[in-house]
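What follows is a set of notes on a single structure, which appears directly below.
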Amino acid sequence: MKARKGSPLLEKVKQRGDLYAPMCPSRGVLEHVTSQWGVLVLVALKEEGTHRFSELRRKVGGVSEKMLAQTLQALEQDGFVHREAHPVIPPHVDYSLTPLGEEVAVHVEALTTWIEDNVARVMAARNKASPRKKAS
């Protein structure tokens, strides 16, 4: 649901979002920022700066062209990614983080760092839990 100008929802969101409220637009932002591809795009742009579409696609292994385009569009609409199209042939489009994107990417990168540092512990926990699941 979109918050309309002058609506009580928009006035509340101007103060602070509420992720627990089902109609709060912050849920859409959460979905874009924490999606598998959203996380990887934000971190790639934070770590290595401006990228062309094809460079991002190579960096974010496994993402389809369609999913990358949709992810970049959503992050651009949310104000996290800047898209700059250069008037040349063939088309040349650069993607970079906005100041708001830099801010959120710091938090997302902290999460990805934790995951990479602790993946062995998580896998051990999964393996430990697996026999119980099979026995059921």
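By convention in this document, the chains of the structure tokens carry letters A, B, ... by their order, each chain's residues are numbered from 1, and ligands are numbered from 1 in the order they are shown.
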Open item on the list: Which residues are near range 46-48 of chain A? Cut-off 8 Å, only C-alpha atoms, ignore same chain within fewer than 3 positions. Put them as a PyMOL selection string.
Closed with: chain A and resi 42-43+51+97+102+105-106
Could the residues in this selection be written to a file with all heavy atoms, as a short mmCIF file (atom, residue, chain, number, x, y, z; two decimals), in the first residue's frame?
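Contents of result-v5.cif, as written:
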```cif
data_model
loop_
_atom_site.label_atom_id
_atom_site.label_comp_id
_atom_site.auth_asym_id
_atom_site.auth_seq_id
_atom_site.Cartn_x
_atom_site.Cartn_y
_atom_site.Cartn_z
N LEU A 42 23.95 -4.15 -2.96
CA LEU A 42 24.37 -3.07 -2.06
C LEU A 42 25.81 -3.25 -1.61
O LEU A 42 26.60 -2.30 -1.60
CB LEU A 42 23.43 -2.98 -0.85
CG LEU A 42 22.03 -2.44 -1.13
CD1 LEU A 42 21.12 -2.69 0.06
CD2 LEU A 42 22.08 -0.96 -1.48
N VAL A 43 26.17 -4.47 -1.24
CA VAL A 43 27.54 -4.73 -0.76
C VAL A 43 28.54 -4.59 -1.90
O VAL A 43 29.61 -4.01 -1.71
CB VAL A 43 27.62 -6.11 -0.08
CG1 VAL A 43 29.05 -6.47 0.26
CG2 VAL A 43 26.78 -6.11 1.20
N HIS A 51 29.56 0.55 -10.83
CA HIS A 51 29.62 -0.62 -11.71
C HIS A 51 28.69 -0.42 -12.90
O HIS A 51 27.63 0.19 -12.76
CB HIS A 51 29.13 -1.88 -10.98
CG HIS A 51 30.12 -2.54 -10.11
ND1 HIS A 51 30.64 -1.95 -8.99
CD2 HIS A 51 30.69 -3.76 -10.18
CE1 HIS A 51 31.47 -2.79 -8.40
NE2 HIS A 51 31.52 -3.89 -9.11
N LEU A 97 26.04 3.91 -5.39
CA LEU A 97 25.22 4.16 -4.21
C LEU A 97 25.02 5.66 -4.02
O LEU A 97 25.92 6.46 -4.23
CB LEU A 97 25.87 3.58 -2.96
CG LEU A 97 25.96 2.06 -2.88
CD1 LEU A 97 26.70 1.64 -1.62
CD2 LEU A 97 24.58 1.41 -2.92
N GLU A 102 24.69 4.42 0.73
CA GLU A 102 25.92 4.20 1.50
C GLU A 102 25.58 3.91 2.96
O GLU A 102 26.15 3.02 3.58
CB GLU A 102 26.83 5.44 1.43
CG GLU A 102 27.47 5.70 0.10
CD GLU A 102 28.70 4.85 -0.16
OE1 GLU A 102 29.17 4.15 0.76
OE2 GLU A 102 29.18 4.90 -1.30
N ALA A 105 24.00 0.44 3.24
CA ALA A 105 24.97 -0.59 2.86
C ALA A 105 25.93 -0.91 4.00
O ALA A 105 26.39 -2.05 4.12
CB ALA A 105 25.74 -0.17 1.62
N VAL A 106 26.24 0.06 4.84
CA VAL A 106 27.11 -0.18 6.00
C VAL A 106 26.47 -1.25 6.89
O VAL A 106 27.14 -2.19 7.34
CB VAL A 106 27.34 1.12 6.81
CG1 VAL A 106 27.97 0.84 8.16
CG2 VAL A 106 28.20 2.08 5.99
#
```
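Within 8 Å of range 63-73 of chain A there are His32, Trp37, Gly38, Val41, Arg57 and Val81 of chain A, counting only C-alpha atoms and ignoring same-chain residues fewer than 5 positions away.
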Task: Computed interatomic separation between CA of Met23 in chain A and CA of Leu111 in chain A (Å) - done: 25.9 Å
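Among the candidate residues A:Val119, A:Leu75, A:Gly17, A:Val93, the one lying nearest to Glu55 in chain A is A:Val93, with distances computed using only C-alpha atoms.
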- [ ] Kindly give the distance, in Å, that separates CA of Thr112 in chain A and CA of Thr34 in chain A, rounded to a single decimal.
- [x] 10.6 Å
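Looking only at chain A, the set that DSSP places in strand (DSSP E) from backbone geometry is His51, Arg52, Val81, His82, Arg83, Glu84, Ala85, His86, His92, Val93, Asp94, Tyr95, Ser96 and Leu97 of chain A.
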Would you mind exporting the chosen residues as a compact mmCIF listing (two decimals), in the first residue's frame, restricted to all heavy atoms?
```txt
# COMPACT_ATOMS: atom_id res chain seq x y z
N HIS A 51 29.56 0.55 -10.83
CA HIS A 51 29.62 -0.62 -11.71
C HIS A 51 28.69 -0.42 -12.90
O HIS A 51 27.63 0.19 -12.76
CB HIS A 51 29.13 -1.88 -10.98
CG HIS A 51 30.12 -2.54 -10.11
ND1 HIS A 51 30.64 -1.95 -8.99
CD2 HIS A 51 30.69 -3.76 -10.18
CE1 HIS A 51 31.47 -2.79 -8.40
NE2 HIS A 51 31.52 -3.89 -9.11
N ARG A 52 29.06 -1.01 -14.01
CA ARG A 52 28.14 -1.14 -15.13
C ARG A 52 27.29 -2.38 -14.85
O ARG A 52 27.64 -3.22 -14.03
CB ARG A 52 28.91 -1.29 -16.43
CG ARG A 52 29.64 0.00 -16.81
CD ARG A 52 30.41 -0.14 -18.07
NE ARG A 52 29.51 -0.26 -19.21
CZ ARG A 52 29.91 -0.28 -20.47
NH1 ARG A 52 31.20 -0.20 -20.76
NH2 ARG A 52 29.04 -0.39 -21.46
N VAL A 81 20.19 3.59 -4.88
CA VAL A 81 21.09 3.43 -6.02
C VAL A 81 20.86 4.58 -7.00
O VAL A 81 19.71 4.96 -7.27
CB VAL A 81 20.86 2.07 -6.72
CG1 VAL A 81 21.58 1.99 -8.05
CG2 VAL A 81 21.31 0.93 -5.81
N HIS A 82 21.96 5.10 -7.52
CA HIS A 82 21.91 6.13 -8.57
C HIS A 82 22.22 5.46 -9.90
O HIS A 82 23.20 4.72 -10.02
CB HIS A 82 22.93 7.23 -8.29
CG HIS A 82 23.05 8.21 -9.40
ND1 HIS A 82 22.07 9.13 -9.69
CD2 HIS A 82 24.03 8.41 -10.31
CE1 HIS A 82 22.45 9.85 -10.73
NE2 HIS A 82 23.64 9.43 -11.13
N ARG A 83 21.38 5.71 -10.88
CA ARG A 83 21.55 5.16 -12.23
C ARG A 83 21.90 6.31 -13.16
O ARG A 83 21.15 7.28 -13.24
CB ARG A 83 20.26 4.49 -12.69
CG ARG A 83 20.32 3.90 -14.08
CD ARG A 83 18.93 3.35 -14.45
NE ARG A 83 18.98 2.65 -15.70
CZ ARG A 83 18.83 3.22 -16.90
NH1 ARG A 83 18.62 4.52 -16.99
NH2 ARG A 83 18.89 2.49 -18.00
N GLU A 84 23.03 6.19 -13.83
CA GLU A 84 23.45 7.23 -14.77
C GLU A 84 23.63 6.61 -16.15
O GLU A 84 24.51 5.79 -16.36
CB GLU A 84 24.75 7.89 -14.32
CG GLU A 84 25.15 9.05 -15.20
CD GLU A 84 26.33 9.82 -14.67
OE1 GLU A 84 26.78 9.56 -13.54
OE2 GLU A 84 26.81 10.70 -15.41
N ALA A 85 22.76 7.03 -17.06
CA ALA A 85 22.82 6.55 -18.44
C ALA A 85 23.62 7.55 -19.27
O ALA A 85 23.33 8.74 -19.28
CB ALA A 85 21.42 6.39 -19.00
N HIS A 86 24.64 7.05 -19.94
CA HIS A 86 25.47 7.90 -20.80
C HIS A 86 24.95 7.83 -22.23
O HIS A 86 24.65 6.73 -22.73
CB HIS A 86 26.93 7.44 -20.75
CG HIS A 86 27.50 7.46 -19.37
ND1 HIS A 86 27.97 8.60 -18.78
CD2 HIS A 86 27.65 6.47 -18.44
CE1 HIS A 86 28.40 8.32 -17.56
NE2 HIS A 86 28.21 7.03 -17.33
N HIS A 92 25.59 2.80 -22.27
CA HIS A 92 26.51 2.66 -21.14
C HIS A 92 25.78 3.23 -19.92
O HIS A 92 25.47 4.42 -19.89
CB HIS A 92 27.79 3.44 -21.43
CG HIS A 92 28.79 3.43 -20.33
ND1 HIS A 92 30.12 3.21 -20.56
CD2 HIS A 92 28.68 3.61 -18.98
CE1 HIS A 92 30.78 3.27 -19.41
NE2 HIS A 92 29.91 3.51 -18.46
N VAL A 93 25.48 2.38 -18.95
CA VAL A 93 24.78 2.79 -17.73
C VAL A 93 25.64 2.42 -16.54
O VAL A 93 26.12 1.29 -16.42
CB VAL A 93 23.39 2.12 -17.62
CG1 VAL A 93 22.67 2.56 -16.36
CG2 VAL A 93 22.55 2.42 -18.85
N ASP A 94 25.84 3.39 -15.66
CA ASP A 94 26.59 3.17 -14.43
C ASP A 94 25.65 3.18 -13.24
O ASP A 94 24.69 3.96 -13.21
CB ASP A 94 27.63 4.29 -14.22
CG ASP A 94 28.79 4.22 -15.19
OD1 ASP A 94 29.20 3.09 -15.53
OD2 ASP A 94 29.28 5.29 -15.59
N TYR A 95 25.95 2.32 -12.27
CA TYR A 95 25.19 2.25 -11.03
C TYR A 95 26.13 2.53 -9.87
O TYR A 95 27.24 1.99 -9.82
CB TYR A 95 24.55 0.87 -10.86
CG TYR A 95 23.51 0.58 -11.91
CD1 TYR A 95 23.85 -0.08 -13.09
CD2 TYR A 95 22.19 0.99 -11.74
CE1 TYR A 95 22.91 -0.34 -14.06
CE2 TYR A 95 21.24 0.73 -12.72
CZ TYR A 95 21.61 0.07 -13.87
OH TYR A 95 20.67 -0.17 -14.84
N SER A 96 25.67 3.35 -8.94
CA SER A 96 26.45 3.66 -7.75
C SER A 96 25.50 3.89 -6.58
O SER A 96 24.29 4.04 -6.79
CB SER A 96 27.32 4.90 -7.98
OG SER A 96 26.50 6.01 -8.30
N LEU A 97 26.04 3.91 -5.39
CA LEU A 97 25.22 4.16 -4.21
C LEU A 97 25.02 5.66 -4.02
O LEU A 97 25.92 6.46 -4.23
CB LEU A 97 25.87 3.58 -2.96
CG LEU A 97 25.96 2.06 -2.88
CD1 LEU A 97 26.70 1.64 -1.62
CD2 LEU A 97 24.58 1.41 -2.92
```
Task: Pick from A:Ala74, A:Cys24, A:Val88, A:Val39 nearest to Val104 in chain A, counting only C-alpha atoms - done: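 Of the candidates, the smallest distance to Val104 in chain A is held by A:Val39.
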- [ ] Based on DSSP run over this structure's backbone, return all residues of chain A in helix (DSSP H, G or I), as JSON, numbers by chain.
- [x] {"A": [8, 9, 10, 11, 12, 13, 14, 15, 26, 27, 28, 29, 30, 31, 32, 33, 34, 36, 37, 38, 39, 40, 41, 42, 43, 44, 45, 46, 47, 48, 53, 54, 55, 56, 57, 58, 59, 65, 66, 67, 68, 69, 70, 71, 72, 73, 74, 75, 76, 77, 99, 100, 101, 102, 103, 104, 105, 106, 107, 108, 109, 110, 111, 112, 113, 114, 115, 116, 117, 118, 119, 120, 121, 122, 123, 124, 125, 126, 127, 128, 129, 130, 131, 132, 133, 134, 135]}
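Take CA of Leu30 in chain A and CA of Ser54 in chain A: the distance between them is 25.6 Å.
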